[in-house]
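Working notes, beginning with the structure itself.
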Amino acid sequence: MRAGWTCSSLFVSSQRLKAARDQGVPEEQIEAIGAWQVADCFSPVERAVLAFTDALTLGQGRVADDIFVVLHEHLSEVAILEFRYIIGSYIMHATTNGRCGLNSMMLATTWSKFLICPATSNASARNSPL
């Protein structure tokens, strides 16, 4: 969900939202995905995965060392690498949809009832992912 949100892809976001609900992700976490940095409903590993996602999507792939430290406490090197490729595929999907005119920039409108747009959320929170 977060990759679709940060890439402003309504399609990727909506498909991940459906999958999250199907997998039993708590509604509280779904509602907090846009402002995860200040939400209390994510575990340390979930926060690290969200920070990793933001680094790949918003930070052009530059991941801070402290994010890797937390990821390595909970995930194998293979799992982290696989996750990087999965997020990369969502970035590619969102970009391709956008280039083909299939992306909707109405993401903020569609999800506005429970998400904060990355461009307008608290900058200090974005700079301190963990």
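As shown in the structure tokens, the chain order sets the letters A, B, ...; within each chain, residues go from 1, and ligands are also counted from 1 in the order they appear.
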Ser89 (chain A) environment, 12 Å, only C-alpha atoms, sequence neighbours closer than 6 positions dropped, as a list in words: Ala3, Gly4, Cys7, Val12, Thr53, Leu56, Thr57, Glu82, Phe83, Thr95 and Thr96 of chain A
Taking only region 4-77 of chain A into account, list the residues labelled alpha helix (DSSP H) by DSSP (computed from the backbone), as a ChimeraX atom specification. /A:4-6,10-22,27-32,44-57,65-74,77
Using only C-alpha atoms, determine which residues lie at most 9 Å from region 58-71 of chain A, disregarding the query and same-chain residues fewer than 2 positions distant; provide the list as a PDB file with all heavy atoms, in the first residue's frame.
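In the end it all went to around.pdb:
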```pdb
ATOM      1  N   THR A   6       3.065   6.418  -2.073  1.00  0.00           N
ATOM      2  CA  THR A   6       4.170   7.347  -2.300  1.00  0.00           C
ATOM      3  C   THR A   6       4.429   7.599  -3.779  1.00  0.00           C
ATOM      4  O   THR A   6       4.964   8.641  -4.134  1.00  0.00           O
ATOM      5  CB  THR A   6       5.475   6.858  -1.622  1.00  0.00           C
ATOM      6  OG1 THR A   6       5.783   5.556  -2.104  1.00  0.00           O
ATOM      7  CG2 THR A   6       5.335   6.833  -0.108  1.00  0.00           C
ATOM      8  N   CYS A   7       4.027   6.648  -4.634  1.00  0.00           N
ATOM      9  CA  CYS A   7       4.171   6.835  -6.078  1.00  0.00           C
ATOM     10  C   CYS A   7       2.935   7.501  -6.690  1.00  0.00           C
ATOM     11  O   CYS A   7       2.858   7.662  -7.901  1.00  0.00           O
ATOM     12  CB  CYS A   7       4.422   5.495  -6.764  1.00  0.00           C
ATOM     13  SG  CYS A   7       6.018   4.760  -6.382  1.00  0.00           S
ATOM     14  N   PRO A  44       8.104  -2.371  15.550  1.00  0.00           N
ATOM     15  CA  PRO A  44       9.405  -1.884  15.060  1.00  0.00           C
ATOM     16  C   PRO A  44       9.789  -2.430  13.683  1.00  0.00           C
ATOM     17  O   PRO A  44      10.299  -1.689  12.848  1.00  0.00           O
ATOM     18  CB  PRO A  44      10.390  -2.357  16.141  1.00  0.00           C
ATOM     19  CG  PRO A  44       9.561  -2.391  17.391  1.00  0.00           C
ATOM     20  CD  PRO A  44       8.205  -2.868  16.930  1.00  0.00           C
ATOM     21  N   VAL A  45       9.523  -3.703  13.417  1.00  0.00           N
ATOM     22  CA  VAL A  45       9.867  -4.249  12.097  1.00  0.00           C
ATOM     23  C   VAL A  45       8.949  -3.680  11.023  1.00  0.00           C
ATOM     24  O   VAL A  45       9.405  -3.387   9.901  1.00  0.00           O
ATOM     25  CB  VAL A  45       9.875  -5.798  12.085  1.00  0.00           C
ATOM     26  CG1 VAL A  45       8.497  -6.374  12.278  1.00  0.00           C
ATOM     27  CG2 VAL A  45      10.512  -6.313  10.793  1.00  0.00           C
ATOM     28  N   ALA A  48      10.245  -0.306  10.219  1.00  0.00           N
ATOM     29  CA  ALA A  48      11.463  -0.396   9.408  1.00  0.00           C
ATOM     30  C   ALA A  48      11.123  -0.717   7.958  1.00  0.00           C
ATOM     31  O   ALA A  48      11.716  -0.142   7.029  1.00  0.00           O
ATOM     32  CB  ALA A  48      12.406  -1.447   9.986  1.00  0.00           C
ATOM     33  N   VAL A  49      10.156  -1.613   7.744  1.00  0.00           N
ATOM     34  CA  VAL A  49       9.741  -1.953   6.380  1.00  0.00           C
ATOM     35  C   VAL A  49       9.113  -0.735   5.706  1.00  0.00           C
ATOM     36  O   VAL A  49       9.380  -0.456   4.531  1.00  0.00           O
ATOM     37  CB  VAL A  49       8.779  -3.165   6.392  1.00  0.00           C
ATOM     38  CG1 VAL A  49       8.080  -3.337   5.061  1.00  0.00           C
ATOM     39  CG2 VAL A  49       9.543  -4.425   6.768  1.00  0.00           C
ATOM     40  N   ALA A  51       9.750   2.430   6.454  1.00  0.00           N
ATOM     41  CA  ALA A  51      10.851   3.372   6.212  1.00  0.00           C
ATOM     42  C   ALA A  51      11.665   2.940   4.995  1.00  0.00           C
ATOM     43  O   ALA A  51      12.084   3.778   4.187  1.00  0.00           O
ATOM     44  CB  ALA A  51      11.744   3.467   7.447  1.00  0.00           C
ATOM     45  N   PHE A  52      11.889   1.640   4.867  1.00  0.00           N
ATOM     46  CA  PHE A  52      12.601   1.086   3.715  1.00  0.00           C
ATOM     47  C   PHE A  52      11.825   1.390   2.428  1.00  0.00           C
ATOM     48  O   PHE A  52      12.395   1.828   1.429  1.00  0.00           O
ATOM     49  CB  PHE A  52      12.763  -0.420   3.916  1.00  0.00           C
ATOM     50  CG  PHE A  52      13.646  -1.108   2.915  1.00  0.00           C
ATOM     51  CD1 PHE A  52      14.974  -0.742   2.740  1.00  0.00           C
ATOM     52  CD2 PHE A  52      13.165  -2.175   2.169  1.00  0.00           C
ATOM     53  CE1 PHE A  52      15.802  -1.395   1.841  1.00  0.00           C
ATOM     54  CE2 PHE A  52      13.974  -2.842   1.267  1.00  0.00           C
ATOM     55  CZ  PHE A  52      15.293  -2.451   1.101  1.00  0.00           C
ATOM     56  N   THR A  53      10.512   1.190   2.465  1.00  0.00           N
ATOM     57  CA  THR A  53       9.657   1.499   1.315  1.00  0.00           C
ATOM     58  C   THR A  53       9.767   2.970   0.947  1.00  0.00           C
ATOM     59  O   THR A  53       9.919   3.319  -0.231  1.00  0.00           O
ATOM     60  CB  THR A  53       8.192   1.135   1.624  1.00  0.00           C
ATOM     61  OG1 THR A  53       8.119  -0.261   1.946  1.00  0.00           O
ATOM     62  CG2 THR A  53       7.284   1.445   0.446  1.00  0.00           C
ATOM     63  N   ASP A  54       9.697   3.845   1.946  1.00  0.00           N
ATOM     64  CA  ASP A  54       9.816   5.285   1.675  1.00  0.00           C
ATOM     65  C   ASP A  54      11.179   5.629   1.081  1.00  0.00           C
ATOM     66  O   ASP A  54      11.273   6.459   0.179  1.00  0.00           O
ATOM     67  CB  ASP A  54       9.587   6.094   2.946  1.00  0.00           C
ATOM     68  CG  ASP A  54       8.116   6.222   3.302  1.00  0.00           C
ATOM     69  OD1 ASP A  54       7.261   5.662   2.588  1.00  0.00           O
ATOM     70  OD2 ASP A  54       7.823   6.890   4.318  1.00  0.00           O
ATOM     71  N   ALA A  55      12.227   4.990   1.581  1.00  0.00           N
ATOM     72  CA  ALA A  55      13.563   5.264   1.048  1.00  0.00           C
ATOM     73  C   ALA A  55      13.657   4.854  -0.423  1.00  0.00           C
ATOM     74  O   ALA A  55      14.254   5.562  -1.232  1.00  0.00           O
ATOM     75  CB  ALA A  55      14.623   4.534   1.874  1.00  0.00           C
ATOM     76  N   LEU A  56      13.052   3.727  -0.755  1.00  0.00           N
ATOM     77  CA  LEU A  56      13.095   3.260  -2.141  1.00  0.00           C
ATOM     78  C   LEU A  56      12.228   4.105  -3.056  1.00  0.00           C
ATOM     79  O   LEU A  56      12.599   4.364  -4.204  1.00  0.00           O
ATOM     80  CB  LEU A  56      12.667   1.793  -2.218  1.00  0.00           C
ATOM     81  CG  LEU A  56      13.578   0.804  -1.492  1.00  0.00           C
ATOM     82  CD1 LEU A  56      12.990  -0.601  -1.555  1.00  0.00           C
ATOM     83  CD2 LEU A  56      14.986   0.828  -2.057  1.00  0.00           C
ATOM     84  N   GLU A  73      17.701  -7.061  12.144  1.00  0.00           N
ATOM     85  CA  GLU A  73      17.317  -7.663  13.429  1.00  0.00           C
ATOM     86  C   GLU A  73      16.134  -8.612  13.269  1.00  0.00           C
ATOM     87  O   GLU A  73      15.946  -9.507  14.096  1.00  0.00           O
ATOM     88  CB  GLU A  73      16.963  -6.581  14.450  1.00  0.00           C
ATOM     89  CG  GLU A  73      18.137  -5.782  14.940  1.00  0.00           C
ATOM     90  CD  GLU A  73      17.733  -4.608  15.817  1.00  0.00           C
ATOM     91  OE1 GLU A  73      16.519  -4.439  16.101  1.00  0.00           O
ATOM     92  OE2 GLU A  73      18.628  -3.850  16.221  1.00  0.00           O
ATOM     93  N   HIS A  74      15.337  -8.413  12.236  1.00  0.00           N
ATOM     94  CA  HIS A  74      14.100  -9.169  12.087  1.00  0.00           C
ATOM     95  C   HIS A  74      14.010  -9.996  10.809  1.00  0.00           C
ATOM     96  O   HIS A  74      13.222 -10.937  10.749  1.00  0.00           O
ATOM     97  CB  HIS A  74      12.901  -8.211  12.117  1.00  0.00           C
ATOM     98  CG  HIS A  74      12.806  -7.419  13.373  1.00  0.00           C
ATOM     99  ND1 HIS A  74      12.237  -7.913  14.518  1.00  0.00           N
ATOM    100  CD2 HIS A  74      13.229  -6.171  13.675  1.00  0.00           C
ATOM    101  CE1 HIS A  74      12.290  -7.005  15.469  1.00  0.00           C
ATOM    102  NE2 HIS A  74      12.887  -5.934  14.976  1.00  0.00           N
ATOM    103  N   LEU A  75      14.768  -9.636   9.787  1.00  0.00           N
ATOM    104  CA  LEU A  75      14.649 -10.282   8.481  1.00  0.00           C
ATOM    105  C   LEU A  75      16.010 -10.760   7.983  1.00  0.00           C
ATOM    106  O   LEU A  75      17.036 -10.159   8.294  1.00  0.00           O
ATOM    107  CB  LEU A  75      14.062  -9.301   7.459  1.00  0.00           C
ATOM    108  CG  LEU A  75      12.705  -8.671   7.800  1.00  0.00           C
ATOM    109  CD1 LEU A  75      12.374  -7.568   6.810  1.00  0.00           C
ATOM    110  CD2 LEU A  75      11.620  -9.731   7.827  1.00  0.00           C
ATOM    111  N   SER A  76      15.992 -11.810   7.178  1.00  0.00           N
ATOM    112  CA  SER A  76      17.232 -12.293   6.572  1.00  0.00           C
ATOM    113  C   SER A  76      17.650 -11.365   5.430  1.00  0.00           C
ATOM    114  O   SER A  76      16.845 -10.576   4.921  1.00  0.00           O
ATOM    115  CB  SER A  76      17.030 -13.706   6.029  1.00  0.00           C
ATOM    116  OG  SER A  76      16.176 -13.680   4.892  1.00  0.00           O
ATOM    117  N   GLU A  77      18.883 -11.508   5.022  1.00  0.00           N
ATOM    118  CA  GLU A  77      19.385 -10.730   3.886  1.00  0.00           C
ATOM    119  C   GLU A  77      18.576 -11.046   2.625  1.00  0.00           C
ATOM    120  O   GLU A  77      18.264 -10.152   1.836  1.00  0.00           O
ATOM    121  CB  GLU A  77      20.875 -11.038   3.658  1.00  0.00           C
ATOM    122  CG  GLU A  77      21.553 -10.128   2.658  1.00  0.00           C
ATOM    123  CD  GLU A  77      21.698  -8.696   3.160  1.00  0.00           C
ATOM    124  OE1 GLU A  77      21.915  -8.497   4.370  1.00  0.00           O
ATOM    125  OE2 GLU A  77      21.590  -7.783   2.317  1.00  0.00           O
ATOM    126  N   ILE A  80      15.214  -9.257   2.782  1.00  0.00           N
ATOM    127  CA  ILE A  80      15.377  -7.822   2.503  1.00  0.00           C
ATOM    128  C   ILE A  80      15.570  -7.595   1.008  1.00  0.00           C
ATOM    129  O   ILE A  80      14.973  -6.688   0.428  1.00  0.00           O
ATOM    130  CB  ILE A  80      16.546  -7.236   3.323  1.00  0.00           C
ATOM    131  CG1 ILE A  80      16.213  -7.294   4.820  1.00  0.00           C
ATOM    132  CG2 ILE A  80      16.870  -5.804   2.888  1.00  0.00           C
ATOM    133  CD1 ILE A  80      17.398  -7.023   5.735  1.00  0.00           C
ATOM    134  N   PRO A 129      12.413   8.392  10.200  1.00  0.00           N
ATOM    135  CA  PRO A 129      11.510   7.294   9.918  1.00  0.00           C
ATOM    136  C   PRO A 129      11.316   6.302  11.060  1.00  0.00           C
ATOM    137  O   PRO A 129      10.310   5.638  11.117  1.00  0.00           O
ATOM    138  CB  PRO A 129      12.145   6.610   8.712  1.00  0.00           C
ATOM    139  CG  PRO A 129      13.571   6.960   8.772  1.00  0.00           C
ATOM    140  CD  PRO A 129      13.620   8.334   9.403  1.00  0.00           C
ATOM    141  N   LEU A 130      12.264   6.171  11.924  1.00  0.00           N
ATOM    142  CA  LEU A 130      12.133   5.178  12.979  1.00  0.00           C
ATOM    143  C   LEU A 130      11.896   5.886  14.273  1.00  0.00           C
ATOM    144  O   LEU A 130      11.475   5.451  15.236  1.00  0.00           O
ATOM    145  CB  LEU A 130      13.383   4.301  13.067  1.00  0.00           C
ATOM    146  CG  LEU A 130      13.701   3.555  11.770  1.00  0.00           C
ATOM    147  CD1 LEU A 130      14.987   2.793  11.937  1.00  0.00           C
ATOM    148  CD2 LEU A 130      12.585   2.621  11.390  1.00  0.00           C
TER     149      LEU A 130
END
```
Residues within 10 Å of Ser13 (chain A), only C-alpha atoms, excluding chain neighbours under 5 positions, as a ChimeraX atom specification: /A:1-8,18-19,90,94,107,111
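Between CA of Ala79 (chain A) and CA of Ser43 (chain A) lies a distance of 17.5 Å.
For the residues A:Gln23, A:Arg16, A:Gly34, A:Arg99, ranking by smallest atom-to-atom distance to Ile87 (chain A) using only C-alpha atoms places A:Arg16 first.
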